[in-house]
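Each remark here refers to the structure printed beneath this line.
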Amino acid sequence: MLERAQAEMLDYQGTGMSVMEISHRSAAFIDIAEAAEADLRELLNVPDDYHVLFLQGGATVQFSAVPLNLLGERTVADYVETGSWSTKAIKEARRYCEVNVVATAKNSDFDRVPPQCQWRLSEDAAYLHICSNETIGGVQFHEVPKASTTLVADMSSDILSRPIDVTKFGLIYAGAQKNIGPAGLTVVIVRSDLVGNAREGIPSMLDYAVQAESGSMSNTPPTYAWYLAGLVFQWLKEQGGLEGIAAQNARKANRLYTTIDASNFYHSPVAPEARSDMNVPFMLPDPALDAQFLDRAATAGLLGLKGHRSVGGMRASLYNAVPMEAIDALIGFMNEFQREHG
Ligand SMILES: Cc1ncc(COP(=O)(O)O)c(C=O)c1O
């Protein structure tokens with residue numbers, strides 16, 4: 001997909017211009033935008049009564065846009081706290097409404113999804129918010145929770161990694177930079193009956209009704225990112241769609257977790273039933289070995305393994321673009337490091 005972008009970079013389909021140079025109102029770009037939306041709808045099986053928006057500002061802007069658009073007359077929103085990203089979403093929502101944290105795994109260092117039977121839901125919440133995959137902690141929902149109110153999910157780090165039933169959600173949002181395309185693009189999928197009740201005074205760029213009305217072109221959209229996302233959607237269709245990519249992702253994650261669990265050296269800090277197929281944090285027996293592990297891994301061409309500073313240890317991210325060979329190389333290296341230090 002990057003090679004295709006490279007080949008088309010200076011001359012997009014005979015226009016003599018790069019996609020970066022053509023107007024977002026040109027027929028060529030409208031074709032790109034519409035094809036990307038159609039492919040995303042096909043991949044996720046998005047029903048017609050949902051808008052698909054291609055926005056800017058990252059998932060963080062959605063932490064505000066969600067309450068500003070969905071609260072309506074209500075004053076309470078329910079949030080499940082499973083790690084750093086849901087904590088950030090909660091903090092931002094508190095600027096606009098009363099947040100009821102229905103369940104939190106904070107007391108066990110965010111090592112699990114609290115069981116739904118323990119959630120203390122409000123009677124009158126405007127919506128229930130989850131982060132389907134906590135990127136830093138590696139905690140993932142493997143079932144869609146049952147909600148009697150509108151279910152909202154931050155899917156920034158697991159969208160397009162597996163099939164989902166969009167109809168179970170009122171709103172899904174995701175920063176693009178994991179499984180969609182370059183940072184700067186944010187995808188929002190929202191049921192149309194939820195659009196049009198934004199809080200008065202909301203910046204118009206955050207109002208889903210304004211964005212839906214203008215086809216996500218209230219201002220100049222991130223055209224090149226949108227085009228690259230479209231190429232990724234085409235690539236995903238070639239992988240057998242989300243069923244195909246999910247099977248690959250499960251194989252990758254299983255192989256790595258099996259290695260960790262079989263070792264008496266490495267360990268996973270996450271409860272088995274909540275382990276993420278996208279982000280696999282793992283710990284060495286002594287944090288004093290971390291720097292050496294990372295140095296040696298880098299020499300072996302294995303990069304980006306340092307765990308987030310808030311949790312330490314290691315984290316292997318297995319997004320859609322990571323091939324099985326990379327997992328095998330990592331496992332080979334982990335086994336060798338264990339032999340030397342175990
Ligand atoms: C689950 C999740 N939510 C939200 C964010 C914030 O996204 P952005 O940096 O696009 O605002 C991230 C970023 O990595 C994330 O992983």
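By convention in this document, the chains of the structure tokens carry letters A, B, ... by their order, each chain's residues are numbered from 1, and ligands are numbered from 1 in the order they are shown.
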
Practice task
Could you give me, as a ChimeraX atom specification, every polymer residue with an atom at most 9 Å away from an atom of ligand 1, counting only C-alpha atoms and all ligand atoms?
Solution key: /A:56-63,84-86,88-89,131-136,154-158,173-178,183-186

Exercise for the section: May I have all residues of stretch 50-237 of chain A that DSSP, computed from the backbone, assigns to strand (DSSP E or B), given as a ChimeraX atom specification? Expected result: /A:50-55,76-81,98-104,127-131,133-134,139-140,150-154,171-175,186-191

Practice task
Within stretch 131-325 of chain A, find each residue whose DSSP state, derived from the backbone, is alpha helix (DSSP H), and express the selection as an NGL selection string.
Solution key: :A and (208-213 or 223-238 or 241-262 or 290-299 or 324-325)

Handout entry: Test item: residues at most 12 Å from stretch 273-275 of chain A, only C-alpha atoms, excluding those fewer than 6 positions along its chain, as a PyMOL selection string
Key = chain A and resi 82+105+110-115+132-143+250+253-254+256-257+281-282

Write out the residues from the selection above, keeping N, CA and C atoms, as a short mmCIF file (atom, residue, chain, number, x, y, z; two decimals), in the first residue's frame.
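Printed below is part07.cif as written:
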```cif
data_model
loop_
_atom_site.label_atom_id
_atom_site.label_comp_id
_atom_site.auth_asym_id
_atom_site.auth_seq_id
_atom_site.Cartn_x
_atom_site.Cartn_y
_atom_site.Cartn_z
N THR A 82 -10.98 1.30 32.22
CA THR A 82 -10.16 0.10 32.08
C THR A 82 -8.67 0.41 31.84
N ALA A 105 -11.04 -0.76 36.98
CA ALA A 105 -10.06 -1.79 37.34
C ALA A 105 -8.80 -1.13 37.91
N PHE A 110 -5.31 -1.89 36.47
CA PHE A 110 -5.91 -2.02 35.13
C PHE A 110 -5.47 -3.31 34.42
N ASP A 111 -5.67 -4.41 35.11
CA ASP A 111 -5.24 -5.70 34.55
C ASP A 111 -6.41 -6.48 33.98
N ARG A 112 -7.61 -5.88 33.92
CA ARG A 112 -8.79 -6.65 33.50
C ARG A 112 -9.92 -5.71 33.07
N VAL A 113 -10.96 -6.31 32.48
CA VAL A 113 -12.22 -5.60 32.27
C VAL A 113 -13.12 -6.01 33.42
N PRO A 114 -13.58 -5.08 34.24
CA PRO A 114 -14.46 -5.49 35.35
C PRO A 114 -15.69 -6.22 34.82
N PRO A 115 -16.08 -7.35 35.43
CA PRO A 115 -17.23 -8.11 34.90
C PRO A 115 -18.51 -7.27 34.89
N SER A 132 -12.58 0.09 23.80
CA SER A 132 -12.60 -1.35 23.47
C SER A 132 -11.23 -1.99 23.60
N ASN A 133 -10.18 -1.18 23.45
CA ASN A 133 -8.82 -1.72 23.61
C ASN A 133 -7.93 -0.64 24.22
N GLU A 134 -7.46 -0.92 25.42
CA GLU A 134 -6.56 0.02 26.10
C GLU A 134 -5.15 -0.22 25.57
N THR A 135 -4.71 0.72 24.77
CA THR A 135 -3.45 0.59 24.03
C THR A 135 -2.23 0.44 24.94
N ILE A 136 -2.26 1.14 26.04
CA ILE A 136 -1.08 1.14 26.93
C ILE A 136 -1.07 -0.11 27.81
N GLY A 137 -2.22 -0.44 28.37
CA GLY A 137 -2.29 -1.58 29.29
C GLY A 137 -2.50 -2.92 28.61
N GLY A 138 -2.92 -2.90 27.33
CA GLY A 138 -3.15 -4.16 26.63
C GLY A 138 -4.37 -4.91 27.13
N VAL A 139 -5.42 -4.16 27.47
CA VAL A 139 -6.67 -4.77 27.97
C VAL A 139 -7.76 -4.54 26.93
N GLN A 140 -8.39 -5.63 26.50
CA GLN A 140 -9.36 -5.54 25.40
C GLN A 140 -10.69 -6.18 25.79
N PHE A 141 -11.76 -5.53 25.37
CA PHE A 141 -13.09 -6.15 25.50
C PHE A 141 -13.20 -7.25 24.44
N HIS A 142 -13.58 -8.46 24.87
CA HIS A 142 -13.79 -9.52 23.88
C HIS A 142 -15.28 -9.79 23.66
N GLU A 143 -16.10 -9.03 24.36
CA GLU A 143 -17.54 -9.10 24.10
C GLU A 143 -18.09 -7.69 24.12
N ALA A 250 -5.27 -13.12 15.48
CA ALA A 250 -5.40 -14.08 16.59
C ALA A 250 -4.19 -15.02 16.60
N ALA A 253 -1.16 -13.06 18.01
CA ALA A 253 -1.23 -12.82 19.46
C ALA A 253 -1.07 -14.14 20.23
N ASN A 254 -1.73 -15.21 19.74
CA ASN A 254 -1.64 -16.50 20.45
C ASN A 254 -0.20 -16.96 20.55
N LEU A 256 2.51 -15.26 20.59
CA LEU A 256 3.31 -14.47 21.54
C LEU A 256 2.89 -14.76 22.99
N TYR A 257 1.58 -14.80 23.24
CA TYR A 257 1.13 -15.10 24.62
C TYR A 257 1.56 -16.50 25.04
N PRO A 281 1.60 -6.31 26.45
CA PRO A 281 2.63 -5.90 27.39
C PRO A 281 3.22 -7.15 28.06
N PHE A 282 4.52 -7.13 28.31
CA PHE A 282 5.10 -8.24 29.07
C PHE A 282 6.27 -7.72 29.89
#
```

Handout entry: A:Phe29 surroundings by only C-alpha atoms, 12 Å radius, close-in-sequence under 6 positions cut, as a ChimeraX atom specification
Key = /A:12-13,15,17-23,35-36,217,220-227,230

Can I get the selected residues back with C-alpha atoms, as a PDB file, in the first residue's frame?
```
ATOM      1  CA  TYR A  12      -2.093  10.700  -9.332  1.00  0.00           C
ATOM      2  CA  GLN A  13      -3.760   8.741 -12.130  1.00  0.00           C
ATOM      3  CA  THR A  15      -3.581  14.249 -13.355  1.00  0.00           C
ATOM      4  CA  MET A  17      -0.387  16.238  -9.656  1.00  0.00           C
ATOM      5  CA  SER A  18      -0.065  14.597  -6.294  1.00  0.00           C
ATOM      6  CA  VAL A  19      -3.219  13.947  -4.254  1.00  0.00           C
ATOM      7  CA  MET A  20      -1.768  16.636  -1.959  1.00  0.00           C
ATOM      8  CA  GLU A  21      -1.999  19.177  -4.749  1.00  0.00           C
ATOM      9  CA  ILE A  22      -5.522  18.586  -6.011  1.00  0.00           C
ATOM     10  CA  SER A  23      -8.505  20.409  -4.546  1.00  0.00           C
ATOM     11  CA  ALA A  35     -14.453   5.095  -2.485  1.00  0.00           C
ATOM     12  CA  ALA A  36     -12.774   5.160   0.933  1.00  0.00           C
ATOM     13  CA  MET A 217     -15.772  18.858   4.308  1.00  0.00           C
ATOM     14  CA  THR A 220     -10.361  21.383   4.098  1.00  0.00           C
ATOM     15  CA  PRO A 221     -10.191  17.759   5.211  1.00  0.00           C
ATOM     16  CA  PRO A 222      -6.877  15.900   5.680  1.00  0.00           C
ATOM     17  CA  THR A 223      -6.931  14.819   2.061  1.00  0.00           C
ATOM     18  CA  TYR A 224      -3.705  12.855   1.865  1.00  0.00           C
ATOM     19  CA  ALA A 225      -4.484  10.926   5.056  1.00  0.00           C
ATOM     20  CA  TRP A 226      -7.975  10.175   3.727  1.00  0.00           C
ATOM     21  CA  TYR A 227      -6.457   8.878   0.468  1.00  0.00           C
ATOM     22  CA  GLY A 230      -8.582   4.407   1.342  1.00  0.00           C
TER      23      GLY A 230
END
```

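Counting from atom CA of A:Tyr319, the distance to atom CA of A:Asn279 is 7.8 Å.
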
Problem - Close residues, stretch 322-331 of chain A itself excluded, 12 Å, only C-alpha atoms, min 6 positions apart in chain, as a ChimeraX atom specification - result: /A:161,178-179,245,247-260,262-263,266,277-280,293-294,296-298,300-305,314-316,337-338

Those residues you just picked out, can you put them in a file as an mmCIF file, in the first residue's frame with C-alpha atoms?
```cif
data_model
loop_
_atom_site.group_PDB
_atom_site.id
_atom_site.type_symbol
_atom_site.label_atom_id
_atom_site.label_comp_id
_atom_site.auth_asym_id
_atom_site.auth_seq_id
_atom_site.Cartn_x
_atom_site.Cartn_y
_atom_site.Cartn_z
ATOM 1 C CA SER A 161 -8.663 -5.733 13.600
ATOM 2 C CA LYS A 178 -2.995 2.308 14.291
ATOM 3 C CA ASN A 179 -5.041 0.301 11.804
ATOM 4 C CA ILE A 245 -7.286 -10.109 9.224
ATOM 5 C CA ALA A 247 -7.640 -14.791 11.934
ATOM 6 C CA GLN A 248 -4.117 -13.499 11.248
ATOM 7 C CA ASN A 249 -4.232 -11.247 14.322
ATOM 8 C CA ALA A 250 -5.401 -14.079 16.590
ATOM 9 C CA ARG A 251 -2.578 -16.330 15.340
ATOM 10 C CA LYS A 252 -0.004 -13.606 15.955
ATOM 11 C CA ALA A 253 -1.235 -12.825 19.464
ATOM 12 C CA ASN A 254 -1.637 -16.504 20.449
ATOM 13 C CA ARG A 255 1.889 -17.291 19.425
ATOM 14 C CA LEU A 256 3.312 -14.473 21.543
ATOM 15 C CA TYR A 257 1.130 -15.098 24.622
ATOM 16 C CA THR A 258 1.945 -18.820 24.432
ATOM 17 C CA THR A 259 5.649 -17.977 24.498
ATOM 18 C CA ILE A 260 5.188 -15.642 27.472
ATOM 19 C CA ALA A 262 5.333 -21.055 28.740
ATOM 20 C CA SER A 263 8.341 -19.142 30.007
ATOM 21 C CA TYR A 266 8.600 -13.341 31.072
ATOM 22 C CA ASP A 277 -4.701 -9.087 20.374
ATOM 23 C CA MET A 278 -3.263 -5.696 19.424
ATOM 24 C CA ASN A 279 -1.000 -4.673 22.317
ATOM 25 C CA VAL A 280 0.904 -7.270 24.295
ATOM 26 C CA PHE A 293 16.687 -6.219 26.518
ATOM 27 C CA LEU A 294 15.751 -3.110 24.529
ATOM 28 C CA ARG A 296 19.853 -6.000 22.207
ATOM 29 C CA ALA A 297 16.416 -6.079 20.579
ATOM 30 C CA ALA A 298 17.217 -2.882 18.658
ATOM 31 C CA ALA A 300 18.429 -7.376 16.185
ATOM 32 C CA GLY A 301 16.176 -4.927 14.289
ATOM 33 C CA LEU A 302 13.295 -5.203 16.774
ATOM 34 C CA LEU A 303 12.128 -1.666 17.549
ATOM 35 C CA GLY A 304 9.336 0.013 19.485
ATOM 36 C CA LEU A 305 9.201 -2.539 22.296
ATOM 37 C CA MET A 314 7.790 -4.140 27.336
ATOM 38 C CA ARG A 315 4.921 -3.834 24.916
ATOM 39 C CA ALA A 316 4.687 -5.445 21.496
ATOM 40 C CA PHE A 337 17.608 -13.486 25.793
ATOM 41 C CA GLN A 338 16.000 -15.848 28.297
#
```

Which residues of stretch 108-191 of chain A come within 12 Å of stretch 206-213 of chain A, and for each one, what is the closest pair of atoms and their distance in Å to one decimal, counting only C-alpha atoms, sorted by chain and residue number, as CSV?
```
residue,atom,partner,partner_atom,distance
A:Leu171,CA,A:Tyr208,CA,10.9
A:Tyr173,CA,A:Tyr208,CA,11.9
A:Thr186,CA,A:Leu206,CA,11.9
A:Val187,CA,A:Tyr208,CA,11.6
A:Val188,CA,A:Tyr208,CA,8.9
A:Ile189,CA,A:Tyr208,CA,10.0
A:Val190,CA,A:Tyr208,CA,8.4
A:Arg191,CA,A:Tyr208,CA,10.5
```

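Contact shell of A:Glu340 at 12 Å (only C-alpha atoms; same-chain neighbours under 6 positions omitted): Phe265, Leu289, Gln292, Phe293, Arg296, Phe333 and Met334 of chain A.
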
Could you please take those selected residues and save N, CA and C atoms as a PDB file, in the first residue's frame?
```
ATOM      1  N   PHE A 265      10.280 -16.875  32.760  1.00  0.00           N
ATOM      2  CA  PHE A 265      11.120 -15.673  32.750  1.00  0.00           C
ATOM      3  C   PHE A 265      10.245 -14.436  32.504  1.00  0.00           C
ATOM      4  N   LEU A 289      16.896  -5.494  33.910  1.00  0.00           N
ATOM      5  CA  LEU A 289      17.272  -6.085  32.609  1.00  0.00           C
ATOM      6  C   LEU A 289      16.622  -5.358  31.416  1.00  0.00           C
ATOM      7  N   GLN A 292      18.856  -3.476  28.833  1.00  0.00           N
ATOM      8  CA  GLN A 292      19.672  -4.395  28.044  1.00  0.00           C
ATOM      9  C   GLN A 292      18.811  -5.130  26.997  1.00  0.00           C
ATOM     10  N   PHE A 293      17.609  -5.543  27.441  1.00  0.00           N
ATOM     11  CA  PHE A 293      16.687  -6.219  26.518  1.00  0.00           C
ATOM     12  C   PHE A 293      16.408  -5.307  25.311  1.00  0.00           C
ATOM     13  N   ARG A 296      19.560  -4.808  23.006  1.00  0.00           N
ATOM     14  CA  ARG A 296      19.853  -6.000  22.207  1.00  0.00           C
ATOM     15  C   ARG A 296      18.769  -6.207  21.148  1.00  0.00           C
ATOM     16  N   PHE A 333      14.127 -13.940  19.460  1.00  0.00           N
ATOM     17  CA  PHE A 333      14.996 -13.078  20.270  1.00  0.00           C
ATOM     18  C   PHE A 333      14.691 -13.248  21.765  1.00  0.00           C
ATOM     19  N   MET A 334      13.403 -13.316  22.112  1.00  0.00           N
ATOM     20  CA  MET A 334      13.027 -13.460  23.536  1.00  0.00           C
ATOM     21  C   MET A 334      13.596 -14.764  24.106  1.00  0.00           C
TER      22      MET A 334
END
```

Exercise for the section: Extract, using only C-alpha atoms, all DNA, RNA and protein residues at most 12 Å from A:Ala103, discarding same-chain residues fewer than 3 positions from it, and format them as a PyMOL selection string. Expected result: chain A and resi 78-83+86-87+99-100+106-107+110+112-122+128-130

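Reported to one decimal place, the separation of atom CA of A:Ser204 from atom CA of A:Ala38 is 25.3 Å.
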